[in-house]
$ cat final_37.cif   # mmCIF, C-alpha atoms and all ligand atoms
data_entry
loop_
_atom_site.label_atom_id
_atom_site.label_comp_id
_atom_site.auth_asym_id
_atom_site.auth_seq_id
_atom_site.Cartn_x
_atom_site.Cartn_y
_atom_site.Cartn_z
CA MET I 1 0.54 -15.75 -24.84
CA VAL I 2 -2.51 -15.04 -22.69
CA LYS I 3 -4.77 -18.13 -22.86
CA SER I 4 -8.10 -16.33 -23.08
CA LEU I 5 -7.12 -14.50 -26.26
CA THR I 6 -8.26 -15.94 -29.56
CA GLU I 7 -7.00 -15.33 -33.05
CA ASN I 8 -9.25 -14.68 -36.05
CA ASN I 9 -7.74 -14.92 -39.49
CA SER I 10 -8.67 -12.31 -42.02
CA GLN I 11 -10.71 -13.61 -44.94
CA ILE I 12 -9.94 -10.66 -47.16
CA ASN I 13 -7.02 -8.44 -48.00
CA MET I 14 -4.82 -11.49 -48.57
CA LYS I 15 -3.18 -10.03 -51.65
CA HIS I 16 -0.44 -12.04 -53.39
CA GLY I 17 2.39 -12.44 -50.98
CA GLU I 18 1.34 -9.37 -49.03
CA LYS I 19 1.46 -9.82 -45.29
CA VAL I 20 -1.84 -9.15 -43.55
CA PRO I 21 -1.07 -6.98 -40.52
CA ARG I 22 -1.41 -8.73 -37.20
CA ILE I 23 -3.41 -6.76 -34.64
CA LEU I 24 -3.92 -7.26 -30.92
CA ILE I 25 -7.24 -5.90 -29.62
CA THR I 26 -6.68 -5.52 -25.90
CA ARG I 27 -10.36 -5.54 -24.80
CA LYS I 28 -13.59 -6.95 -26.17
CA LEU I 29 -15.26 -4.66 -28.73
CA THR I 30 -18.83 -4.89 -30.03
CA ASP I 31 -19.52 -7.92 -32.22
CA ALA I 32 -19.92 -5.71 -35.31
CA ALA I 33 -16.60 -3.97 -34.68
CA GLU I 34 -14.78 -7.24 -34.03
CA ARG I 35 -16.22 -8.73 -37.23
CA ALA I 36 -14.98 -5.76 -39.23
CA PHE I 37 -11.54 -6.04 -37.64
CA SER I 38 -11.36 -9.77 -38.28
CA ASN I 39 -12.40 -9.28 -41.91
CA THR I 40 -9.52 -6.88 -42.40
CA PHE I 41 -6.59 -8.01 -40.27
CA THR I 42 -5.36 -11.08 -38.49
CA CYS I 43 -6.68 -10.23 -35.06
CA GLN I 44 -6.03 -11.48 -31.59
CA LEU I 45 -9.24 -10.85 -29.66
CA ASN I 46 -9.98 -10.85 -25.94
CA PRO I 47 -13.39 -12.60 -25.84
CA GLU I 48 -13.48 -12.78 -22.03
CA ASP I 49 -12.79 -9.03 -21.82
CA LYS I 50 -10.18 -9.57 -19.10
CA ALA I 51 -7.80 -6.74 -18.19
CA LEU I 52 -4.48 -7.99 -19.56
CA GLY I 53 -2.28 -5.77 -17.39
CA ALA I 54 1.12 -4.54 -18.48
CA ASP I 55 2.77 -7.98 -18.59
CA GLY I 56 -0.19 -9.53 -20.41
CA ILE I 57 -0.13 -6.77 -23.02
CA ILE I 58 3.60 -7.18 -23.59
CA ALA I 59 3.23 -10.96 -23.97
CA ALA I 60 0.22 -10.69 -26.30
CA ALA I 61 1.85 -7.91 -28.37
CA GLU I 62 4.69 -10.21 -29.44
CA GLY I 63 4.76 -10.38 -33.25
CA ARG I 64 1.88 -7.85 -33.61
CA ASP I 65 2.12 -4.98 -36.06
CA GLY I 66 -0.42 -2.81 -34.28
CA LEU I 67 -2.59 -2.66 -31.18
CA ALA I 68 -6.19 -1.51 -30.81
CA ILE I 69 -6.33 -0.35 -27.21
CA THR I 70 -8.85 1.36 -24.92
CA SER I 71 -8.88 4.06 -22.27
CA MET I 72 -8.85 1.22 -19.71
CA ASP I 73 -5.26 0.37 -20.74
CA LYS I 74 -2.53 2.66 -19.43
CA PHE I 75 0.23 3.01 -22.02
CA ASP I 76 2.78 4.99 -20.04
CA ALA I 77 6.41 5.36 -21.08
CA ALA I 78 7.44 2.25 -19.13
CA LEU I 79 4.95 0.05 -21.00
CA ILE I 80 5.58 1.67 -24.38
CA ASN I 81 9.32 1.13 -23.99
CA ARG I 82 8.73 -2.59 -23.41
CA LEU I 83 6.60 -3.10 -26.54
CA PRO I 84 8.08 -5.43 -29.15
CA THR I 85 9.70 -3.61 -32.09
CA SER I 86 7.10 -5.13 -34.43
CA VAL I 87 4.43 -2.78 -32.97
CA LYS I 88 4.15 0.33 -35.15
CA ILE I 89 0.81 1.81 -34.15
CA LEU I 90 -1.48 2.13 -31.11
CA ALA I 91 -5.07 2.88 -32.15
CA THR I 92 -7.02 3.80 -29.05
CA VAL I 93 -10.75 3.13 -29.25
CA SER I 94 -11.53 6.36 -27.40
CA ALA I 95 -11.57 10.08 -27.99
CA GLY I 96 -9.58 10.78 -24.83
CA HIS I 97 -5.93 9.82 -25.10
CA GLU I 98 -4.41 10.86 -21.79
CA HIS I 99 -3.80 7.17 -21.04
CA VAL I 100 -1.14 7.07 -23.78
CA ASP I 101 2.23 8.79 -23.49
CA LEU I 102 2.35 10.32 -26.98
CA GLY I 103 5.95 11.51 -26.58
CA ALA I 104 7.20 8.07 -25.53
CA ALA I 105 5.38 6.50 -28.48
CA LYS I 106 6.83 9.04 -30.90
CA ALA I 107 10.33 8.47 -29.55
CA ARG I 108 9.92 4.79 -30.44
CA GLY I 109 8.44 5.58 -33.87
CA ILE I 110 5.00 4.30 -32.83
CA ALA I 111 2.01 6.20 -34.24
CA VAL I 112 -0.99 6.86 -31.98
CA THR I 113 -4.56 7.51 -33.15
CA ASN I 114 -7.88 8.10 -31.38
CA THR I 115 -11.58 8.16 -32.33
CA PRO I 116 -12.92 11.72 -32.14
CA GLY I 117 -16.28 12.73 -33.58
CA VAL I 118 -18.17 9.47 -33.31
CA LEU I 119 -19.05 9.79 -29.62
CA THR I 120 -20.15 13.42 -29.68
CA ASP I 121 -23.90 12.81 -29.53
CA ALA I 122 -23.77 10.03 -26.96
CA THR I 123 -21.55 12.06 -24.62
CA ALA I 124 -23.58 15.25 -25.04
CA ASP I 125 -26.73 13.25 -24.26
CA ILE I 126 -25.16 12.11 -20.99
CA ALA I 127 -24.20 15.71 -20.12
CA LEU I 128 -27.86 16.69 -20.47
CA LEU I 129 -28.90 13.65 -18.44
CA LEU I 130 -26.49 14.69 -15.68
CA MET I 131 -27.74 18.28 -15.64
CA LEU I 132 -31.37 17.23 -15.53
CA GLY I 133 -30.72 14.36 -13.14
CA ALA I 134 -28.67 16.43 -10.69
CA ALA I 135 -31.04 19.40 -10.84
CA ARG I 136 -34.29 17.47 -10.51
CA GLY I 137 -33.01 14.81 -8.09
CA ALA I 138 -33.62 11.92 -10.49
CA HIS I 139 -31.38 9.68 -8.37
CA TRP I 140 -33.18 10.17 -5.06
CA GLY I 141 -36.60 10.25 -6.74
CA GLU I 142 -35.93 6.93 -8.42
CA ARG I 143 -34.73 5.40 -5.14
CA MET I 144 -37.88 6.56 -3.34
CA VAL I 145 -40.11 4.71 -5.77
CA ARG I 146 -37.88 1.64 -6.01
CA GLU I 147 -37.58 1.34 -2.21
CA ASN I 148 -41.30 1.96 -1.62
CA ARG I 149 -40.62 5.25 0.18
CA TRP I 150 -43.18 7.48 -1.56
CA PRO I 151 -42.82 10.96 0.01
CA PRO I 152 -45.63 12.13 2.32
CA ALA I 153 -48.13 14.40 0.53
CA SER I 154 -46.66 17.92 0.58
CA MET I 155 -46.35 20.95 -1.68
CA VAL I 156 -42.96 21.85 -0.31
CA LYS I 157 -41.09 18.57 0.14
CA PRO I 158 -39.23 17.32 -1.79
CA LEU I 159 -38.28 20.25 -4.00
CA ALA I 160 -35.44 20.37 -6.51
CA HIS I 161 -33.94 22.87 -8.98
CA ASP I 162 -34.93 24.21 -12.40
CA PHE I 163 -32.96 23.48 -15.52
CA SER I 164 -35.02 25.27 -18.20
CA ARG I 165 -34.17 28.95 -18.76
CA GLN I 166 -31.07 28.81 -16.56
CA ARG I 167 -27.57 30.01 -17.49
CA LEU I 168 -25.16 27.29 -18.59
CA GLY I 169 -21.39 27.74 -18.78
CA ILE I 170 -19.59 25.30 -21.05
CA LEU I 171 -15.91 24.76 -20.37
CA GLY I 172 -14.45 23.57 -23.69
CA MET I 173 -16.39 24.42 -26.86
CA GLY I 174 -15.16 21.53 -29.00
CA ARG I 175 -17.45 19.05 -30.74
CA ILE I 176 -19.01 17.79 -27.50
CA GLY I 177 -19.33 21.25 -25.94
CA ALA I 178 -21.13 22.48 -29.07
CA ALA I 179 -23.44 19.45 -29.02
CA VAL I 180 -24.28 20.19 -25.37
CA ALA I 181 -25.04 23.80 -26.31
CA ARG I 182 -27.33 22.73 -29.18
CA ARG I 183 -29.29 20.46 -26.86
CA ALA I 184 -29.47 23.05 -24.08
CA LYS I 185 -30.98 25.57 -26.51
CA GLY I 186 -34.04 23.30 -26.56
CA PHE I 187 -34.46 24.12 -22.86
CA ASP I 188 -34.26 27.91 -23.45
CA ILE I 189 -30.91 27.97 -21.71
CA VAL I 190 -28.66 31.05 -21.89
CA ILE I 191 -25.24 29.82 -22.95
CA HIS I 192 -21.83 31.09 -21.89
CA TYR I 193 -18.59 29.38 -22.82
CA HIS I 194 -14.87 29.44 -22.29
CA ASN I 195 -12.54 28.00 -24.87
CA ARG I 196 -9.02 28.79 -26.04
CA LYS I 197 -10.61 30.70 -28.90
CA PRO I 198 -14.14 31.75 -29.84
CA SER I 199 -16.24 29.22 -31.75
CA LEU I 200 -18.20 30.34 -34.80
CA GLU I 201 -20.80 27.65 -34.15
CA ALA I 202 -21.32 28.74 -30.54
CA ASP I 203 -21.43 32.39 -31.50
CA ALA I 204 -24.06 31.60 -34.14
CA MET I 205 -26.15 30.03 -31.35
CA GLY I 206 -25.98 33.32 -29.45
CA ALA I 207 -23.56 31.97 -26.82
CA THR I 208 -21.38 34.47 -24.96
CA TYR I 209 -17.62 33.90 -25.17
CA HIS I 210 -15.38 34.45 -22.16
CA ALA I 211 -11.64 34.61 -22.70
CA THR I 212 -10.99 33.18 -19.21
CA LEU I 213 -12.71 30.57 -17.09
CA GLU I 214 -12.71 33.05 -14.21
CA ALA I 215 -14.69 35.58 -16.25
CA MET I 216 -17.32 32.99 -17.18
CA LEU I 217 -17.97 31.32 -13.82
CA PRO I 218 -19.99 34.09 -12.13
CA HIS I 219 -22.53 33.76 -15.01
CA CYS I 220 -23.16 30.01 -14.57
CA ASP I 221 -26.11 28.42 -12.81
CA PHE I 222 -24.83 25.22 -14.44
CA LEU I 223 -21.25 24.41 -15.41
CA SER I 224 -20.61 21.62 -17.91
CA VAL I 225 -17.01 20.40 -18.12
CA ASN I 226 -16.25 19.40 -21.71
CA CYS I 227 -12.56 20.16 -22.13
CA PRO I 228 -9.88 17.51 -22.70
CA MET I 229 -7.60 16.54 -19.82
CA THR I 230 -4.21 18.14 -20.37
CA PRO I 231 -1.49 19.42 -18.03
CA ASP I 232 -3.22 22.83 -18.34
CA THR I 233 -6.69 21.61 -17.39
CA ARG I 234 -5.73 19.18 -14.62
CA GLY I 235 -7.49 20.30 -11.43
CA ILE I 236 -8.78 23.61 -12.83
CA ILE I 237 -12.13 23.04 -11.17
CA ASN I 238 -10.92 23.65 -7.64
CA ALA I 239 -11.69 25.69 -4.50
CA ARG I 240 -10.65 28.94 -6.18
CA THR I 241 -12.70 28.48 -9.35
CA LEU I 242 -15.70 26.86 -7.62
CA ALA I 243 -15.90 29.91 -5.33
CA LEU I 244 -16.51 32.06 -8.43
CA LEU I 245 -19.73 30.18 -9.24
CA PRO I 246 -22.95 31.67 -7.85
CA LYS I 247 -24.21 29.97 -4.68
CA GLY I 248 -26.52 27.11 -5.66
CA ALA I 249 -24.78 26.33 -8.96
CA ILE I 250 -24.67 22.80 -10.36
CA VAL I 251 -21.51 21.26 -11.87
CA VAL I 252 -21.48 18.34 -14.30
CA ASN I 253 -18.48 16.50 -15.72
CA THR I 254 -18.48 14.22 -18.76
CA ALA I 255 -14.86 14.99 -19.72
CA ARG I 256 -12.27 13.53 -17.38
CA GLY I 257 -12.17 13.27 -13.59
CA GLY I 258 -8.71 14.83 -13.47
CA VAL I 259 -10.10 18.23 -14.49
CA VAL I 260 -11.79 18.39 -11.06
CA ASN I 261 -10.17 18.52 -7.64
CA ASP I 262 -12.28 16.01 -5.67
CA GLU I 263 -11.45 17.46 -2.27
CA ASP I 264 -12.65 20.92 -3.31
CA LEU I 265 -15.76 19.72 -5.16
CA ILE I 266 -16.84 17.60 -2.19
CA ALA I 267 -16.28 20.55 0.18
CA ALA I 268 -18.42 22.82 -2.04
CA LEU I 269 -21.19 20.18 -2.18
CA ARG I 270 -21.09 19.68 1.59
CA SER I 271 -21.11 23.39 2.42
CA GLY I 272 -24.11 24.04 0.16
CA HIS I 273 -22.15 26.46 -2.04
CA LEU I 274 -23.02 24.04 -4.85
CA ALA I 275 -26.59 22.77 -4.96
CA ALA I 276 -25.61 19.58 -6.75
CA ALA I 277 -23.24 17.85 -9.14
CA GLY I 278 -23.61 15.25 -11.86
CA LEU I 279 -20.57 13.09 -12.55
CA ASP I 280 -19.85 10.50 -15.21
CA VAL I 281 -16.06 10.61 -14.90
CA TYR I 282 -13.79 10.52 -11.87
CA ASN I 283 -10.23 10.58 -10.69
CA ASN I 284 -8.85 7.07 -10.30
CA GLU I 285 -11.75 5.17 -11.94
CA PRO I 286 -13.13 2.74 -10.90
CA ASN I 287 -11.87 3.40 -7.37
CA ILE I 288 -13.56 6.76 -7.01
CA ASP I 289 -13.47 8.93 -3.91
CA PRO I 290 -15.94 7.05 -1.64
CA ARG I 291 -17.28 10.30 -0.20
CA TYR I 292 -19.21 10.90 -3.44
CA ARG I 293 -21.37 7.89 -2.64
CA GLU I 294 -22.46 9.46 0.65
CA LEU I 295 -23.57 12.77 -0.86
CA GLU I 296 -27.28 12.91 -1.58
CA ASN I 297 -26.82 15.92 -3.88
CA VAL I 298 -24.62 14.10 -6.41
CA PHE I 299 -26.00 12.21 -9.39
CA LEU I 300 -23.45 9.51 -10.23
CA LEU I 301 -22.94 7.45 -13.39
CA PRO I 302 -20.11 4.96 -14.08
CA HIS I 303 -18.45 6.58 -17.15
CA LEU I 304 -21.29 5.88 -19.59
CA GLY I 305 -20.58 8.80 -21.94
CA SER I 306 -19.96 6.67 -25.02
CA ALA I 307 -21.71 3.51 -23.81
CA THR I 308 -24.29 2.81 -26.51
CA LEU I 309 -24.08 -0.07 -28.94
CA ARG I 310 -23.99 2.18 -31.98
CA THR I 311 -21.42 4.57 -30.56
CA ARG I 312 -19.09 1.82 -29.34
CA THR I 313 -19.35 0.14 -32.76
CA ASP I 314 -18.59 3.43 -34.50
CA MET I 315 -15.60 3.93 -32.21
CA GLY I 316 -14.27 0.48 -33.12
CA LEU I 317 -14.79 1.17 -36.82
CA ARG I 318 -13.03 4.51 -36.53
CA ALA I 319 -10.01 2.84 -34.91
CA LEU I 320 -10.11 0.27 -37.71
CA ALA I 321 -10.14 3.05 -40.33
CA ASN I 322 -7.05 4.53 -38.73
CA LEU I 323 -5.26 1.17 -38.76
CA LYS I 324 -6.26 0.53 -42.37
CA ALA I 325 -4.93 3.91 -43.48
CA PHE I 326 -1.70 3.37 -41.56
CA PHE I 327 -1.02 -0.05 -43.07
CA ALA I 328 -1.93 1.27 -46.53
CA GLY I 329 0.95 3.73 -46.11
CA GLU I 330 -1.33 6.75 -45.62
CA THR I 331 -1.51 9.20 -42.73
CA PRO I 332 -4.30 7.94 -40.43
CA PRO I 333 -7.11 10.51 -40.20
CA ASP I 334 -6.84 10.76 -36.41
CA LYS I 335 -3.06 10.61 -35.96
CA LEU I 336 -2.06 12.28 -32.68
CA ASN I 337 1.74 12.26 -32.64
C1 LIG B 1 -13.63 8.48 -24.60
O1 LIG B 1 -13.63 7.91 -25.70
O2 LIG B 1 -12.80 9.34 -24.32
C2 LIG B 1 -14.68 8.05 -23.62
O3 LIG B 1 -14.68 8.85 -22.49
C3 LIG B 1 -14.42 6.61 -23.23
O4 LIG B 1 -13.17 6.54 -22.60
#

$ encode --input "final_37.cif" --output "structure tokens" --more "lines below"
Ligand code: DGY
Amino acid sequence: MVKSLTENNSQINMKHGEKVPRILITRKLTDAAERAFSNTFTCQLNPEDKALGADGIIAAAEGRDGLAITSMDKFDAALINRLPTSVKILATVSAGHEHVDLGAAKARGIAVTNTPGVLTDATADIALLLMLGAARGAHWGERMVRENRWPPASMVKPLAHDFSRQRLGILGMGRIGAAVARRAKGFDIVIHYHNRKPSLEADAMGATYHATLEAMLPHCDFLSVNCPMTPDTRGIINARTLALLPKGAIVVNTARGGVVNDEDLIAALRSGHLAAAGLDVYNNEPNIDPRYRELENVFLLPHLGSATLRTRTDMGLRALANLKAFFAGETPPDKLN
């Protein structure tokens, strides 16, 4: 057993002779979420928030009935196949679930759940922050003040880009895409979107549907990536699709880094085809392509989409609700496989 993990015994749910499920929580959650977990199950916590790694997870999972995991833990087939047979469910405290091999879990009879819905507002807020930040140069403006480099008096330097009244293309009109659209309406933005199928909510907002990404891109001064990462969306923002954007467009990504081809995005930012980009997610986090750090026209955040106290607590509670349903013999509301 990993030394830094601690066990909390459930105070409730100890019905006559009924075994209280034993849960491993792989990373530290908010205090409120951990309290709720510990009041429901016998929980092994990770108070030091150390990455357990594959071997640590396997050791700590021994004798556990379920695991609450995060997008920082990679549950590929190799790890899933090593899990003790006691483990019947993986509840990821995240909306994204590309870090879990759903097929491998299913083959072993392990259910997988995620936490959609509760991080919609927080993530959409960050998408707006990225669009505004990238367009208006919030990152270099902030550095100028902080580093005591106030720009010389001038009407023409520095200048940035407008956000209000521009055309925004939303790739992926799910919950988060729709929340981005609602917010953008407050800036008199003209909205275009591409999704597998039209969205009634987006259509009611006056957004224009495009059946293909290629058809939408020429209409986008801003492109917001809000689609899940799947084999179909991996790398779809690439040299070919970026070339379809008007010169001077701005791309923001709050979905997953894998949707974007870094090489091609960096080339478009360097050539000036794109005016700017705003990124919260990256390939190979946290070891992102170092060239992003050198580009003055990129507004960079370290995957903060869901990082508010309330949202992270709600995510923990949603994972808990899934585990409770599962151990009560019901179908968890967010079952994925
Ligand atoms: C999510 O839940 O998918 C967020 O991006 C955090 O990983």

$ closest_residue --input "final_37.cif" --among "I:Ala54, I:Gly109, I:Lys28, I:His99" --to "I:Arg82" --atoms "all atoms listed in the file"
I:Ala54

$ residues_near_ligand --input "final_37.cif" --ligand "ligand LIG 1 (chain B)" --cutoff "10 Å" --atoms "only C-alpha atoms and all ligand atoms" --output "NGL selection string"
:I and (70-72 or 92-99 or 114-120 or 122-123 or 228-229 or 254-256 or 280-281 or 303-307 or 311-312 or 315)

$ residues_around --input "final_37.cif" --residues "I:Ile58" --least-positions-apart "4" --cutoff "9 Å" --atoms "only C-alpha atoms" --output "ChimeraX atom specification"
/I:53-54,62,79,82-84

$ residues_near_point --input "final_37.cif" --point "(4.2, 0.1, -32.4)" --cutoff "10 Å" --atoms "all atoms listed in the file" --output "list in words"
Ala61, Arg64, Asp65, Gly66, Leu67, Ile80, Asn81, Leu83, Pro84, Thr85, Ser86, Val87, Lys88, Ile89, Leu90, Ala91, Ala105, Lys106, Arg108, Gly109, Ile110, Ala111 and Val112 of chain I

$ closest_residue --input "final_37.cif" --among "I:Lys157, I:Leu200, I:Asp262, I:Leu309" --to "I:Ile288" --atoms "only C-alpha atoms"
I:Asp262

$ residues_around --input "final_37.cif" --residues "I:Cys43" --least-positions-apart "2" --cutoff "7 Å" --atoms "all atoms listed in the file" --output "PyMOL selection string"
chain I and resi 7-9+22-25+37-38+41+45

$ write_last_selection --input "final_37.cif" --atoms "C-alpha atoms" --output "PDB file, in the frame of the given file"
ATOM      1  CA  GLU I   7      -7.000 -15.330 -33.050  1.00  0.00           C
ATOM      2  CA  ASN I   8      -9.250 -14.680 -36.050  1.00  0.00           C
ATOM      3  CA  ASN I   9      -7.740 -14.920 -39.490  1.00  0.00           C
ATOM      4  CA  ARG I  22      -1.410  -8.730 -37.200  1.00  0.00           C
ATOM      5  CA  ILE I  23      -3.410  -6.760 -34.640  1.00  0.00           C
ATOM      6  CA  LEU I  24      -3.920  -7.260 -30.920  1.00  0.00           C
ATOM      7  CA  ILE I  25      -7.240  -5.900 -29.620  1.00  0.00           C
ATOM      8  CA  PHE I  37     -11.540  -6.040 -37.640  1.00  0.00           C
ATOM      9  CA  SER I  38     -11.360  -9.770 -38.280  1.00  0.00           C
ATOM     10  CA  PHE I  41      -6.590  -8.010 -40.270  1.00  0.00           C
ATOM     11  CA  LEU I  45      -9.240 -10.850 -29.660  1.00  0.00           C
TER      12      LEU I  45
END

$ atom_distance --input "final_37.cif" --atom1 "atom CA of I:Leu244" --atom2 "atom CA of I:Pro218"
5.5 Å

$ closest_residue --input "final_37.cif" --among "I:His192, I:Arg183, I:Lys50, I:Lys324" --to "I:Asp125" --atoms "only C-alpha atoms"
I:Arg183

$ residues_around --input "final_37.cif" --residues "I:His219" --least-positions-apart "6" --cutoff "8 Å" --atoms "all atoms listed in the file" --output "list in words"
Arg167, Leu168, Gly169, His192, Leu245 and Pro246 of chain I

$ build_atoms --input "final_37.cif" --residues "stretch 263-271 of chain I" --atoms "all heavy atoms" --output "PDB file, in the frame of the given file"
ATOM      1  N   GLU I 263     -11.378  16.892  -3.615  1.00  0.00           N
ATOM      2  CA  GLU I 263     -11.450  17.460  -2.270  1.00  0.00           C
ATOM      3  C   GLU I 263     -12.287  18.733  -2.279  1.00  0.00           C
ATOM      4  O   GLU I 263     -13.193  18.916  -1.456  1.00  0.00           O
ATOM      5  CB  GLU I 263      -9.995  17.789  -1.844  1.00  0.00           C
ATOM      6  CG  GLU I 263      -9.757  17.925  -0.373  1.00  0.00           C
ATOM      7  CD  GLU I 263     -10.037  16.627   0.375  1.00  0.00           C
ATOM      8  OE1 GLU I 263      -9.630  15.551  -0.079  1.00  0.00           O
ATOM      9  OE2 GLU I 263     -10.704  16.723   1.429  1.00  0.00           O
ATOM     10  N   ASP I 264     -12.005  19.596  -3.250  1.00  0.00           N
ATOM     11  CA  ASP I 264     -12.650  20.920  -3.310  1.00  0.00           C
ATOM     12  C   ASP I 264     -14.106  20.796  -3.768  1.00  0.00           C
ATOM     13  O   ASP I 264     -14.981  21.517  -3.276  1.00  0.00           O
ATOM     14  CB  ASP I 264     -11.873  21.838  -4.256  1.00  0.00           C
ATOM     15  CG  ASP I 264     -10.463  22.115  -3.730  1.00  0.00           C
ATOM     16  OD1 ASP I 264     -10.187  21.755  -2.562  1.00  0.00           O
ATOM     17  OD2 ASP I 264      -9.657  22.679  -4.479  1.00  0.00           O
ATOM     18  N   LEU I 265     -14.369  19.889  -4.703  1.00  0.00           N
ATOM     19  CA  LEU I 265     -15.760  19.720  -5.160  1.00  0.00           C
ATOM     20  C   LEU I 265     -16.610  19.173  -4.017  1.00  0.00           C
ATOM     21  O   LEU I 265     -17.737  19.647  -3.761  1.00  0.00           O
ATOM     22  CB  LEU I 265     -15.803  18.770  -6.367  1.00  0.00           C
ATOM     23  CG  LEU I 265     -17.205  18.510  -6.927  1.00  0.00           C
ATOM     24  CD1 LEU I 265     -17.853  19.798  -7.437  1.00  0.00           C
ATOM     25  CD2 LEU I 265     -17.168  17.475  -8.067  1.00  0.00           C
ATOM     26  N   ILE I 266     -16.075  18.195  -3.300  1.00  0.00           N
ATOM     27  CA  ILE I 266     -16.840  17.600  -2.190  1.00  0.00           C
ATOM     28  C   ILE I 266     -17.099  18.656  -1.107  1.00  0.00           C
ATOM     29  O   ILE I 266     -18.207  18.757  -0.571  1.00  0.00           O
ATOM     30  CB  ILE I 266     -16.093  16.355  -1.643  1.00  0.00           C
ATOM     31  CG1 ILE I 266     -16.206  15.225  -2.679  1.00  0.00           C
ATOM     32  CG2 ILE I 266     -16.650  15.919  -0.290  1.00  0.00           C
ATOM     33  CD1 ILE I 266     -15.278  14.053  -2.459  1.00  0.00           C
ATOM     34  N   ALA I 267     -16.092  19.495  -0.833  1.00  0.00           N
ATOM     35  CA  ALA I 267     -16.280  20.550   0.180  1.00  0.00           C
ATOM     36  C   ALA I 267     -17.390  21.511  -0.266  1.00  0.00           C
ATOM     37  O   ALA I 267     -18.243  21.905   0.541  1.00  0.00           O
ATOM     38  CB  ALA I 267     -14.968  21.304   0.401  1.00  0.00           C
ATOM     39  N   ALA I 268     -17.412  21.866  -1.553  1.00  0.00           N
ATOM     40  CA  ALA I 268     -18.420  22.820  -2.040  1.00  0.00           C
ATOM     41  C   ALA I 268     -19.822  22.188  -2.031  1.00  0.00           C
ATOM     42  O   ALA I 268     -20.823  22.881  -1.815  1.00  0.00           O
ATOM     43  CB  ALA I 268     -18.065  23.280  -3.449  1.00  0.00           C
ATOM     44  N   LEU I 269     -19.882  20.876  -2.229  1.00  0.00           N
ATOM     45  CA  LEU I 269     -21.190  20.180  -2.180  1.00  0.00           C
ATOM     46  C   LEU I 269     -21.665  20.056  -0.735  1.00  0.00           C
ATOM     47  O   LEU I 269     -22.857  20.166  -0.448  1.00  0.00           O
ATOM     48  CB  LEU I 269     -21.061  18.799  -2.826  1.00  0.00           C
ATOM     49  CG  LEU I 269     -20.950  18.812  -4.351  1.00  0.00           C
ATOM     50  CD1 LEU I 269     -20.371  17.492  -4.867  1.00  0.00           C
ATOM     51  CD2 LEU I 269     -22.305  19.083  -4.990  1.00  0.00           C
ATOM     52  N   ARG I 270     -20.722  19.824   0.167  1.00  0.00           N
ATOM     53  CA  ARG I 270     -21.090  19.680   1.590  1.00  0.00           C
ATOM     54  C   ARG I 270     -21.515  21.007   2.187  1.00  0.00           C
ATOM     55  O   ARG I 270     -22.436  21.072   3.001  1.00  0.00           O
ATOM     56  CB  ARG I 270     -19.894  19.147   2.378  1.00  0.00           C
ATOM     57  CG  ARG I 270     -19.719  17.640   2.245  1.00  0.00           C
ATOM     58  CD  ARG I 270     -18.564  17.200   3.116  1.00  0.00           C
ATOM     59  NE  ARG I 270     -18.469  15.749   3.168  1.00  0.00           N
ATOM     60  CZ  ARG I 270     -17.370  15.102   3.522  1.00  0.00           C
ATOM     61  NH1 ARG I 270     -16.277  15.768   3.852  1.00  0.00           N
ATOM     62  NH2 ARG I 270     -17.358  13.792   3.564  1.00  0.00           N
ATOM     63  N   SER I 271     -20.827  22.079   1.803  1.00  0.00           N
ATOM     64  CA  SER I 271     -21.110  23.390   2.420  1.00  0.00           C
ATOM     65  C   SER I 271     -22.411  23.985   1.899  1.00  0.00           C
ATOM     66  O   SER I 271     -22.941  24.933   2.473  1.00  0.00           O
ATOM     67  CB  SER I 271     -19.977  24.370   2.138  1.00  0.00           C
ATOM     68  OG  SER I 271     -20.034  24.774   0.767  1.00  0.00           O
TER      69      SER I 271
END
